[in-house]
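K.L.:
Below is the file input-v4.txt, with compact mmCIF, C-alpha atoms and all ligand atoms.
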# COMPACT_ATOMS: atom_id res chain seq x y z
CA MET A 1381 0.00 0.00 0.00
CA ASP A 1382 3.08 2.26 0.15
CA ALA A 1383 2.57 3.77 -3.30
CA GLU A 1384 -1.09 4.41 -2.61
CA ILE A 1385 -0.33 6.09 0.71
CA ILE A 1386 2.26 8.35 -0.90
CA ARG A 1387 -0.09 9.23 -3.75
CA ALA A 1388 -2.90 10.01 -1.34
CA ALA A 1389 -0.64 12.18 0.84
CA GLN A 1390 0.65 14.08 -2.18
CA GLY A 1391 -2.91 14.63 -3.35
CA LEU A 1392 -3.65 16.33 -0.03
CA LYS A 1393 -0.89 18.89 -0.34
CA ASP A 1394 -2.96 21.96 -1.23
CA LYS A 1395 -5.68 21.09 1.25
CA THR A 1396 -3.10 20.56 4.02
CA VAL A 1397 -1.32 23.85 3.34
CA ALA A 1398 -4.67 25.66 3.30
CA ARG A 1399 -5.64 24.05 6.61
CA ARG A 1400 -2.32 24.88 8.17
CA ARG A 1401 -2.64 28.51 7.10
CA ASP A 1402 -6.22 28.68 8.40
CA PHE A 1403 -5.17 27.34 11.82
CA HIS A 1404 -2.22 29.71 11.77
CA LYS A 1405 -4.42 32.74 11.06
CA TYR A 1406 -6.88 31.89 13.82
CA ALA A 1407 -4.28 30.88 16.40
CA GLU A 1408 -5.68 29.80 19.76
CA THR A 1409 -3.67 29.29 22.95
CA ALA A 1410 -3.91 26.53 25.53
CA TRP A 1411 -7.42 25.38 26.48
CA THR A 1412 -9.04 27.94 24.16
CA GLU A 1413 -8.69 25.94 20.90
CA PHE A 1414 -12.48 25.97 20.39
CA ARG A 1415 -12.35 26.90 16.71
CA THR A 1416 -9.43 24.64 15.82
CA ALA A 1417 -10.76 21.65 17.76
CA SER A 1418 -14.31 22.06 16.45
CA ILE A 1419 -13.03 22.09 12.86
CA VAL A 1420 -10.97 18.98 13.62
CA ALA A 1421 -14.03 17.25 15.09
CA ALA A 1422 -16.27 18.17 12.15
CA THR A 1423 -13.66 17.06 9.61
CA LEU A 1424 -13.13 13.71 11.33
CA ALA A 1425 -16.88 13.14 11.51
CA ASP A 1426 -17.19 13.86 7.77
CA LEU A 1427 -14.50 11.26 7.11
CA GLY A 1428 -16.50 8.63 8.98
CA TYR A 1429 -14.66 8.63 12.30
CA GLN A 1430 -16.42 8.21 15.60
CA VAL A 1431 -15.56 11.55 17.23
CA LEU A 1432 -15.07 11.93 20.97
CA ALA A 1433 -14.68 15.45 22.39
CA GLY A 1434 -15.00 17.52 25.54
CA ASP A 1435 -15.87 15.50 28.66
CA GLU A 1436 -15.46 12.26 26.71
CA VAL A 1437 -11.71 12.78 26.37
CA VAL A 1438 -10.69 15.45 28.92
CA GLU A 1439 -10.93 14.96 32.68
CA ALA A 1440 -11.68 18.36 34.16
CA ALA A 1441 -10.02 17.61 37.52
CA SER A 1442 -6.68 16.92 35.81
CA MET A 1443 -6.60 20.05 33.62
CA MET A 1444 -3.65 22.24 34.60
CA GLY A 1445 -3.03 25.92 34.03
CA VAL A 1446 -6.56 26.64 32.81
CA PRO A 1447 -7.45 30.29 32.00
CA SER A 1448 -10.18 32.01 34.05
CA SER A 1449 -13.76 31.23 33.14
CA ALA A 1450 -14.21 34.83 31.94
CA GLU A 1451 -11.26 34.36 29.58
CA LEU A 1452 -12.58 30.98 28.39
CA ASP A 1453 -15.99 32.54 27.66
CA ARG A 1454 -14.38 35.41 25.76
CA GLN A 1455 -12.33 33.04 23.59
CA PHE A 1456 -15.34 30.77 23.07
CA GLN A 1457 -17.32 33.72 21.67
CA ARG A 1458 -14.38 34.74 19.52
CA ALA A 1459 -14.15 31.21 18.13
CA LEU A 1460 -17.83 31.28 17.14
CA GLU A 1461 -17.36 34.62 15.42
CA GLN A 1462 -14.36 33.20 13.56
CA GLY A 1463 -16.21 30.21 12.16
CA ALA A 1464 -16.09 27.49 14.83
CA HIS A 1465 -18.62 24.65 14.46
CA ALA A 1466 -21.06 25.62 17.17
CA VAL A 1467 -22.33 22.12 18.03
CA TRP A 1468 -18.82 20.72 18.51
CA ALA A 1469 -17.53 23.83 20.27
CA GLU A 1470 -20.44 23.63 22.71
CA LYS A 1471 -19.19 20.18 23.84
CA MET A 1472 -15.83 21.80 24.66
CA ARG A 1473 -17.15 24.47 27.04
CA GLY A 1474 -14.84 25.17 29.96
CA GLY A 1475 -11.73 24.60 27.87
CA LYS A 1476 -12.20 20.86 27.27
CA THR A 1477 -10.84 21.25 23.74
CA GLY A 1478 -9.48 17.71 23.23
CA VAL A 1479 -10.67 15.60 20.29
CA VAL A 1480 -10.17 11.91 19.48
CA GLY A 1481 -11.18 10.34 16.18
CA VAL A 1482 -11.73 6.58 16.38
CA MET A 1483 -12.10 4.19 13.46
CA ARG A 1484 -12.62 0.45 13.93
CA PHE A 1485 -11.77 -1.67 10.93
CA GLY A 1486 -13.32 -4.94 9.86
CA LYS A 1487 -10.63 -7.38 10.88
CA PRO A 1488 -9.21 -7.89 14.37
CA GLY A 1489 -5.94 -6.12 15.11
CA PRO A 1490 -4.16 -3.77 17.52
CA THR A 1491 -5.25 -0.32 18.64
CA VAL A 1492 -2.84 2.23 17.20
CA ALA A 1493 -2.78 5.87 18.36
CA LEU A 1494 -1.25 8.90 16.72
CA ARG A 1495 -1.03 12.09 18.72
CA VAL A 1496 -0.71 15.70 17.53
CA ASP A 1497 -1.13 18.98 19.40
CA MET A 1498 -3.19 22.01 18.40
CA ASP A 1499 -2.34 25.05 20.55
CA ALA A 1500 -0.53 28.29 19.77
CA ASN A 1501 1.91 30.28 21.88
CA ASP A 1502 1.25 33.36 24.00
CA LEU A 1503 3.18 35.56 21.61
CA VAL A 1504 2.65 38.54 19.32
CA GLU A 1505 3.33 37.55 15.72
CA ALA A 1506 5.86 39.56 13.73
CA THR A 1507 4.61 41.79 10.93
CA GLY A 1508 6.16 43.04 7.71
CA GLU A 1509 7.34 41.78 4.34
CA LYS A 1510 10.12 39.68 5.80
CA HIS A 1511 7.64 37.40 7.58
CA ARG A 1512 5.81 35.15 5.10
CA PRO A 1513 2.58 34.66 7.10
CA SER A 1514 2.28 38.44 7.22
CA ARG A 1515 3.31 38.91 3.59
CA GLU A 1516 0.89 36.25 2.34
CA GLY A 1517 -2.01 37.21 4.56
CA PHE A 1518 -2.25 34.35 7.05
CA ALA A 1519 -0.58 35.91 10.10
CA SER A 1520 -2.54 35.53 13.33
CA VAL A 1521 -5.52 37.84 13.67
CA ASN A 1522 -5.72 36.97 17.35
CA GLN A 1523 -3.54 39.41 19.25
CA GLY A 1524 -1.15 37.68 21.63
CA ALA A 1525 -1.66 34.22 20.10
CA MET A 1526 0.74 32.87 17.47
CA HIS A 1527 1.61 29.45 16.11
CA ALA A 1528 5.34 29.71 16.76
CA CYS A 1529 5.98 26.01 17.40
CA GLY A 1530 4.44 24.39 14.32
CA HIS A 1531 1.36 22.94 16.01
CA ASP A 1532 -0.72 24.41 13.15
CA GLY A 1533 1.26 22.09 10.88
CA HIS A 1534 0.75 19.19 13.30
CA THR A 1535 -3.03 19.64 13.31
CA ALA A 1536 -3.16 19.84 9.51
CA THR A 1537 -0.93 16.76 9.30
CA GLY A 1538 -3.21 14.85 11.66
CA LEU A 1539 -6.23 15.62 9.46
CA GLY A 1540 -4.26 14.52 6.41
CA VAL A 1541 -3.44 11.20 8.06
CA ALA A 1542 -7.10 10.81 8.98
CA GLU A 1543 -8.09 11.21 5.34
CA VAL A 1544 -5.46 8.78 4.02
CA LEU A 1545 -6.48 6.09 6.51
CA ALA A 1546 -10.19 6.60 5.86
CA GLY A 1547 -9.50 6.00 2.18
CA LEU A 1548 -7.90 2.63 2.98
CA ARG A 1549 -10.45 1.54 5.57
CA ASP A 1550 -11.60 -1.60 3.72
CA ARG A 1551 -8.13 -3.08 3.88
CA LEU A 1552 -7.14 -2.20 7.45
CA ALA A 1553 -7.45 -4.15 10.70
CA GLY A 1554 -7.73 -3.20 14.36
CA THR A 1555 -8.58 0.30 15.57
CA VAL A 1556 -6.96 3.66 14.98
CA LYS A 1557 -7.22 6.54 17.45
CA LEU A 1558 -6.21 9.98 16.24
CA ILE A 1559 -5.57 12.15 19.27
CA PHE A 1560 -5.73 15.93 18.89
CA GLN A 1561 -4.42 17.37 22.15
CA PRO A 1562 -4.94 20.88 23.49
CA ALA A 1563 -2.59 22.85 25.73
CA GLU A 1564 0.80 21.33 25.01
CA GLU A 1565 2.49 24.69 25.63
CA GLY A 1566 3.23 24.83 29.34
CA VAL A 1567 2.76 21.02 29.31
CA ARG A 1568 -0.80 21.28 30.57
CA GLY A 1569 -3.08 19.20 28.35
CA ALA A 1570 -1.95 15.59 28.02
CA LYS A 1571 -2.43 14.64 31.66
CA ALA A 1572 -6.17 15.34 31.53
CA MET A 1573 -6.62 13.16 28.43
CA VAL A 1574 -4.54 10.32 29.90
CA ALA A 1575 -6.55 10.55 33.13
CA ARG A 1576 -9.71 10.12 31.05
CA GLY A 1577 -8.33 6.79 29.80
CA VAL A 1578 -7.86 7.83 26.18
CA VAL A 1579 -4.87 5.51 25.63
CA ASP A 1580 -5.65 2.73 28.10
CA ASP A 1581 -6.40 0.28 25.28
CA VAL A 1582 -3.58 1.41 22.98
CA LYS A 1583 -0.83 -0.99 21.91
CA TYR A 1584 1.25 1.46 19.86
CA ILE A 1585 1.44 5.25 20.13
CA VAL A 1586 3.42 7.58 17.90
CA GLY A 1587 3.81 11.32 18.48
CA ALA A 1588 5.50 13.80 16.18
CA HIS A 1589 6.94 17.29 16.06
CA LEU A 1590 8.15 19.51 13.23
CA GLY A 1591 11.53 21.19 13.53
CA ILE A 1592 13.13 21.52 17.00
CA GLY A 1593 16.57 19.98 16.40
CA LEU A 1594 15.92 19.03 12.76
CA LYS A 1595 16.27 22.25 10.81
CA THR A 1596 16.50 20.86 7.26
CA THR A 1597 13.51 19.77 5.20
CA GLY A 1598 13.98 16.13 4.22
CA GLN A 1599 15.42 15.06 7.55
CA VAL A 1600 13.58 12.71 9.87
CA ALA A 1601 14.38 11.06 13.20
CA CYS A 1602 12.17 8.15 14.25
CA ARG A 1603 13.42 8.28 17.82
CA THR A 1604 13.54 11.27 20.16
CA GLU A 1605 15.71 11.56 23.23
CA GLY A 1606 16.30 14.15 25.92
CA PHE A 1607 12.75 14.29 27.28
CA LEU A 1608 12.90 15.80 30.74
CA ALA A 1609 10.10 15.02 33.16
CA THR A 1610 8.85 18.27 34.62
CA THR A 1611 6.43 19.81 37.11
CA LYS A 1612 5.27 23.43 37.03
CA LEU A 1613 4.17 24.79 40.38
CA ASP A 1614 2.88 28.11 41.74
CA ALA A 1615 3.25 28.79 45.48
CA VAL A 1616 1.39 31.66 47.14
CA PHE A 1617 2.63 32.64 50.62
CA ALA A 1618 0.26 34.40 53.00
CA GLY A 1619 1.59 36.33 56.00
CA LYS A 1620 0.25 39.19 58.08
CA PRO A 1621 0.56 42.89 57.26
CA ALA A 1622 1.84 45.38 59.84
CA HIS A 1623 3.35 48.87 60.04
CA ALA A 1624 7.01 48.43 59.16
CA GLY A 1625 8.07 51.29 61.44
CA GLY A 1626 5.48 51.21 64.22
CA ALA A 1627 4.88 47.48 64.80
CA PRO A 1628 7.02 45.26 62.57
CA GLU A 1629 6.99 42.48 65.18
CA GLN A 1630 3.25 42.08 64.63
CA GLY A 1631 3.69 41.21 60.96
CA ARG A 1632 4.45 37.92 59.23
CA ASN A 1633 6.67 38.57 56.22
CA ALA A 1634 5.56 36.62 53.14
CA ILE A 1635 8.41 37.97 50.99
CA LEU A 1636 10.94 36.53 53.43
CA ALA A 1637 9.18 33.18 53.22
CA ALA A 1638 9.29 33.34 49.41
CA ALA A 1639 12.93 34.42 49.42
CA THR A 1640 13.90 31.68 51.88
CA ALA A 1641 12.13 29.15 49.68
CA THR A 1642 13.82 30.47 46.53
CA LEU A 1643 17.34 30.19 47.95
CA ASN A 1644 16.77 26.75 49.39
CA LEU A 1645 14.98 25.38 46.32
CA HIS A 1646 18.13 26.11 44.37
CA ALA A 1647 20.08 24.16 47.00
CA ILE A 1648 18.21 20.87 46.46
CA SER A 1649 20.80 18.14 46.13
CA ARG A 1650 21.63 16.76 42.65
CA HIS A 1651 20.54 13.17 41.96
CA SER A 1652 23.07 10.41 41.38
CA ARG A 1653 21.00 8.69 38.68
CA GLY A 1654 20.57 11.51 36.18
CA VAL A 1655 20.25 15.19 35.49
CA SER A 1656 17.86 17.41 37.37
CA ARG A 1657 16.82 21.03 37.16
CA ILE A 1658 15.14 23.54 39.42
CA ASN A 1659 14.18 27.10 38.65
CA VAL A 1660 12.28 29.85 40.42
CA GLY A 1661 11.43 31.99 37.42
CA VAL A 1662 9.08 34.55 38.95
CA ILE A 1663 8.89 36.12 42.39
CA GLN A 1664 6.33 38.78 43.26
CA GLY A 1665 5.08 40.18 46.53
CA GLY A 1666 4.25 43.02 48.82
CA THR A 1667 2.06 46.07 48.60
CA GLY A 1668 4.06 49.06 49.86
CA ARG A 1669 7.47 50.19 51.12
CA ASN A 1670 6.36 50.65 54.70
CA VAL A 1671 4.15 47.56 55.00
CA ILE A 1672 5.30 44.15 56.19
CA PRO A 1673 4.37 42.13 53.07
CA ALA A 1674 1.45 39.80 53.64
CA GLN A 1675 1.51 38.11 50.26
CA ALA A 1676 4.14 36.69 47.88
CA LEU A 1677 4.13 34.39 44.88
CA ILE A 1678 6.82 32.21 43.33
CA LYS A 1679 6.57 30.34 40.03
CA VAL A 1680 8.71 27.21 40.13
CA GLU A 1681 9.59 24.41 37.76
CA THR A 1682 11.39 21.14 38.44
CA ARG A 1683 12.82 18.77 35.85
CA GLY A 1684 14.48 15.37 35.83
CA ALA A 1685 15.95 12.90 33.35
CA THR A 1686 13.28 10.42 34.45
CA THR A 1687 9.88 10.72 36.05
CA ALA A 1688 11.39 9.31 39.25
CA ILE A 1689 14.14 11.94 39.40
CA ASN A 1690 11.64 14.72 38.75
CA ASP A 1691 9.40 13.29 41.48
CA TYR A 1692 12.36 13.47 43.85
CA VAL A 1693 13.08 17.14 43.01
CA TYR A 1694 9.38 18.00 43.20
CA GLY A 1695 9.01 16.26 46.59
CA GLU A 1696 11.98 18.16 47.99
CA ALA A 1697 10.58 21.40 46.55
CA VAL A 1698 7.24 20.94 48.31
CA ARG A 1699 8.99 20.18 51.60
CA ILE A 1700 11.19 23.28 51.31
CA ILE A 1701 8.31 25.56 50.35
CA GLU A 1702 6.23 24.37 53.32
CA ALA A 1703 9.19 24.65 55.70
CA SER A 1704 10.01 28.16 54.47
CA ALA A 1705 6.44 29.26 55.10
CA ALA A 1706 6.53 27.76 58.59
CA MET A 1707 9.88 29.40 59.38
CA HIS A 1708 8.38 32.84 58.82
CA GLY A 1709 5.00 32.14 60.42
CA CYS A 1710 3.23 32.19 57.06
CA THR A 1711 0.96 29.76 55.29
CA VAL A 1712 1.35 28.61 51.72
CA ALA A 1713 -0.98 27.35 49.00
CA MET A 1714 0.49 25.42 46.08
CA GLN A 1715 -1.05 24.75 42.70
CA LEU A 1716 0.15 22.48 39.89
CA MET A 1717 0.33 24.44 36.65
CA GLY A 1718 1.76 21.83 34.28
CA GLY A 1719 3.74 18.64 33.95
CA ALA A 1720 5.29 16.04 31.68
CA ALA A 1721 6.80 12.60 32.14
CA GLY A 1722 10.24 11.38 31.19
CA CYS A 1723 10.31 8.87 28.36
CA GLU A 1724 12.38 6.39 26.40
CA ASN A 1725 11.26 5.42 22.90
CA ASP A 1726 10.82 1.67 22.30
CA ALA A 1727 13.58 0.44 20.01
CA ALA A 1728 11.37 -2.17 18.30
CA LEU A 1729 8.79 0.44 17.31
CA VAL A 1730 11.47 2.93 16.25
CA ALA A 1731 12.96 0.28 13.95
CA ARG A 1732 9.59 -0.34 12.30
CA ILE A 1733 9.04 3.40 11.73
CA GLU A 1734 12.50 3.65 10.18
CA GLN A 1735 11.65 0.78 7.84
CA VAL A 1736 8.55 2.64 6.64
CA ALA A 1737 10.55 5.86 6.16
CA LYS A 1738 13.18 3.97 4.15
CA ARG A 1739 10.58 2.26 1.95
CA GLN A 1740 8.78 5.51 1.18
CA HIS A 1741 11.89 7.41 0.01
CA LEU A 1742 10.32 10.74 0.94
CA PHE A 1743 13.10 11.76 3.31
CA THR A 1744 16.66 12.42 2.22
CA GLU A 1745 18.24 11.81 5.61
CA ILE A 1746 17.13 9.43 8.38
CA LEU A 1747 18.93 10.46 11.55
CA PRO A 1748 19.49 8.00 14.42
CA ALA A 1749 17.76 10.33 16.91
CA GLY A 1750 16.47 13.82 17.52
CA ASN A 1751 16.77 15.70 20.79
CA ILE A 1752 13.70 17.42 22.21
CA GLY A 1753 15.89 19.64 24.39
CA GLY A 1754 13.29 20.10 27.11
CA SER A 1755 9.87 18.74 27.95
CA GLU A 1756 6.88 17.56 25.89
CA ASP A 1757 3.74 16.23 27.47
CA CYS A 1758 3.18 13.59 24.77
CA THR A 1759 5.32 11.64 27.24
CA TYR A 1760 2.27 11.20 29.49
CA PHE A 1761 0.53 9.27 26.73
CA MET A 1762 3.71 7.35 25.92
CA GLU A 1763 4.37 6.46 29.56
CA ARG A 1764 0.82 5.18 30.06
CA VAL A 1765 0.97 3.01 26.94
CA GLN A 1766 4.32 1.59 28.05
CA GLN A 1767 3.02 0.94 31.58
CA LYS A 1768 0.26 -1.17 30.03
CA GLY A 1769 2.73 -3.19 27.98
CA GLY A 1770 2.54 -1.25 24.71
CA GLN A 1771 5.17 0.59 22.71
CA ALA A 1772 5.77 4.30 22.11
CA ALA A 1773 7.89 6.48 19.87
CA PHE A 1774 8.20 10.16 19.03
CA VAL A 1775 9.16 11.20 15.52
CA MET A 1776 10.87 14.47 14.56
CA ILE A 1777 10.25 15.79 11.09
CA GLY A 1778 12.82 18.20 9.71
CA THR A 1779 11.86 21.61 8.32
CA GLU A 1780 13.72 24.76 7.50
CA LEU A 1781 12.73 27.36 10.07
CA ALA A 1782 12.50 31.10 9.48
CA ALA A 1783 13.37 31.65 13.15
CA GLY A 1784 13.64 29.61 16.32
CA HIS A 1785 10.66 28.07 18.07
CA HIS A 1786 8.61 30.56 20.12
CA ASP A 1787 10.03 33.49 18.11
CA GLY A 1788 7.67 36.03 16.50
CA PHE A 1789 9.30 35.35 13.11
CA PHE A 1790 8.89 31.53 13.36
CA ASP A 1791 7.63 29.83 10.20
CA ILE A 1792 7.87 26.27 8.87
CA ASP A 1793 8.60 24.97 5.38
CA GLU A 1794 5.25 23.65 4.14
CA GLU A 1795 7.11 21.13 1.94
CA ALA A 1796 7.65 19.16 5.17
CA LEU A 1797 3.93 18.46 5.60
CA VAL A 1798 3.30 15.82 2.91
CA PRO A 1799 6.24 13.57 3.91
CA GLY A 1800 4.97 13.78 7.50
CA ILE A 1801 1.46 12.69 6.48
CA ALA A 1802 2.82 9.84 4.38
CA LEU A 1803 5.13 8.61 7.12
CA LEU A 1804 2.56 8.69 9.92
CA ALA A 1805 -0.15 7.14 7.74
CA GLY A 1806 2.35 4.53 6.55
CA VAL A 1807 3.32 3.70 10.12
CA ALA A 1808 -0.32 3.38 11.15
CA VAL A 1809 -1.04 1.05 8.22
CA GLU A 1810 2.06 -1.03 9.00
CA LEU A 1811 1.04 -1.47 12.64
CA LEU A 1812 -2.68 -1.98 11.98
CA THR A 1813 -2.16 -4.62 9.33
CA LYS A 1814 0.82 -6.50 10.78
CA GLY A 1815 0.06 -6.13 14.50
ZN ZN B 1 5.78 22.41 20.17
Represent the structure from my file as structure tokens, please.
P.N.:
Amino acid sequence: MDAEIIRAAQGLKDKTVARRRDFHKYAETAWTEFRTASIVAATLADLGYQVLAGDEVVEAASMMGVPSSAELDRQFQRALEQGAHAVWAEKMRGGKTGVVGVMRFGKPGPTVALRVDMDANDLVEATGEKHRPSREGFASVNQGAMHACGHDGHTATGLGVAEVLAGLRDRLAGTVKLIFQPAEEGVRGAKAMVARGVVDDVKYIVGAHLGIGLKTTGQVACRTEGFLATTKLDAVFAGKPAHAGGAPEQGRNAILAAATATLNLHAISRHSRGVSRINVGVIQGGTGRNVIPAQALIKVETRGATTAINDYVYGEAVRIIEASAAMHGCTVAMQLMGGAAGCENDAALVARIEQVAKRQHLFTEILPAGNIGGSEDCTYFMERVQQKGGQAAFVMIGTELAAGHHDGFFDIDEEALVPGIALLAGVAVELLTKG
């Protein structure tokens, strides 16, 4: 079926570029992808997929870093004005913007999942002739939201794969699940979909990303390394205000608690089994020069080479934050704002993906591995599948980049989209038909 898959993917080129540009123009940030996700849902339904969305695929209690309900309502209205499918968007109220397309084929076989992400960055897009999206009229019309990580390309790719597989449905076996995840930026979305059980029955899962370390179109890496497990945490310290000159002893200084925590968080011991990271990136507090500060906030992130190492750093961080509050007679409230697991790709699955890439001849260079250079919450899906005995891999698809990820001048090479569709569809067919 290789030739057919390639032909089908190539036939989708114009449609895929148009979709990518449409998603780019109407960029939506984490948990507000109402327009994007509703278009995904409607397209999958048209192709004959069973479409699960909203509560069916997102567990509200596990959503992290969700915007305020006023903000969600505002973006929901904006999405409707910009052409969202109202019936689908309605299912996603409250930011539950995840979508899963399921297709069960006639013959028995494994459940294969592909995962892409849909959200944009909190970023103002560059303007001017130098920036192609601006020059060609598809720059973001949503102020402060920009696809500067290629997730617009991922979403369009996912829909392309959906169409290729639907066209082959009579000859496939098993079940395919196409996962369209919200809120990857800030690693906030995957956990809520995993908690809902979206991949509990999955034998193989493949994720993908454009660019990152692969900056030449035609390159591909079927294995990704360097995933750091991470936890994002806000801590709000509450003390007691007092006159700094007249009665300082009656106050409880929340800034001192936050400062004590900050210094000691950075003193958490290294771990003998792998790298770790800790950062206090934001510290805010106080109300006036002559007031003992009654409130302070720190924004913290921990990372580790494995989930276990990150859990260690995170556990120490919580202990230190609580102890720092106690030392200064303050209380503290902590809130999880994001997280991702550590992950190793399964060599057996990587080898099969490489075989498909070699057979298809759409890539000029197959690299042994790509490096994610940070955290990606696809790892939550991958970890769950592996815990249940399945296999996981994360593919990196090379593309020339106009600027680095999360830069206002970021842009992908759209020539990278068709090879990505062909590879992911080819991998799905390989796994569905051969088990
Ligand atoms: Zn990304």
K.L.:
Tell me, counting only C-alpha atoms, for each residue of segment 1706-1787 of chain A within 10 Å of segment 1631-1652 of chain A, which pair of atoms is nearest and how far apart they are in Å to one decimal, in rows ordered by chain and increasing number, as CSV.
P.N.:
residue,atom,partner,partner_atom,distance
A:Ala1706,CA,A:Ala1637,CA,8.1
A:Met1707,CA,A:Ala1637,CA,7.3
A:His1708,CA,A:Ala1637,CA,5.7
A:Gly1709,CA,A:Arg1632,CA,5.9
A:Cys1710,CA,A:Arg1632,CA,6.2
A:Thr1711,CA,A:Ala1634,CA,8.5
A:Val1712,CA,A:Ala1634,CA,9.2
K.L.:
Set out as CSV a contact list for chain A and ligand ZN 1 (chain B) with a cut-off of 7 Å, giving each residue of chain A that qualifies its closest atom pair and distance in Å to one decimal, counting only C-alpha atoms and all ligand atoms, ordered by chain and rising residue number.
P.N.:
residue,atom,partner,partner_atom,distance
A:Cys1529,CA,B:ZN1,ZN,4.5
A:Gly1530,CA,B:ZN1,ZN,6.3
A:His1531,CA,B:ZN1,ZN,6.1
A:Glu1565,CA,B:ZN1,ZN,6.8
A:His1589,CA,B:ZN1,ZN,6.7
K.L.:
Hey, can you check how far atom CA of Gln1523 of chain A sits from atom CA of His1404 of chain A?
P.N.:
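Pair atom CA of Gln1523 of chain A / atom CA of His1404 of chain A returns 12.3 Å.
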K.L.:
Show which residues sit within 9 Å of Ser1656 of chain A, as a PyMOL selection string. Count all atoms listed in the file, and ignore same-chain residues fewer than 4 positions away.
P.N.:
chain A and resi 1608+1650-1651+1682-1686+1689-1690+1693
K.L.:
With only C-alpha atoms as the counted atoms, please give the residues lying no more than 6 Å from segment 1438-1454 of chain A, apart from itself and same-chain residues fewer than 2 positions off, as a ChimeraX atom specification.
P.N.:
/A:1434-1435,1456-1457,1476,1568,1572-1573,1576,1717-1718
K.L.:
Determine the nearest neighbour of Pro1490 of chain A from the options A:Ser1418, A:Thr1555, A:Gln1740, A:Thr1611, counting only C-alpha atoms.
P.N.:
A:Thr1555
K.L.:
Can you pull out every residue within 10 Å of Leu1812 of chain A, counting all atoms listed in the file, but drop anything in the same chain fewer than 3 positions away, and send it as a PyMOL selection string?
P.N.:
chain A and resi 1485+1487-1492+1551-1556+1584+1806-1809+1815
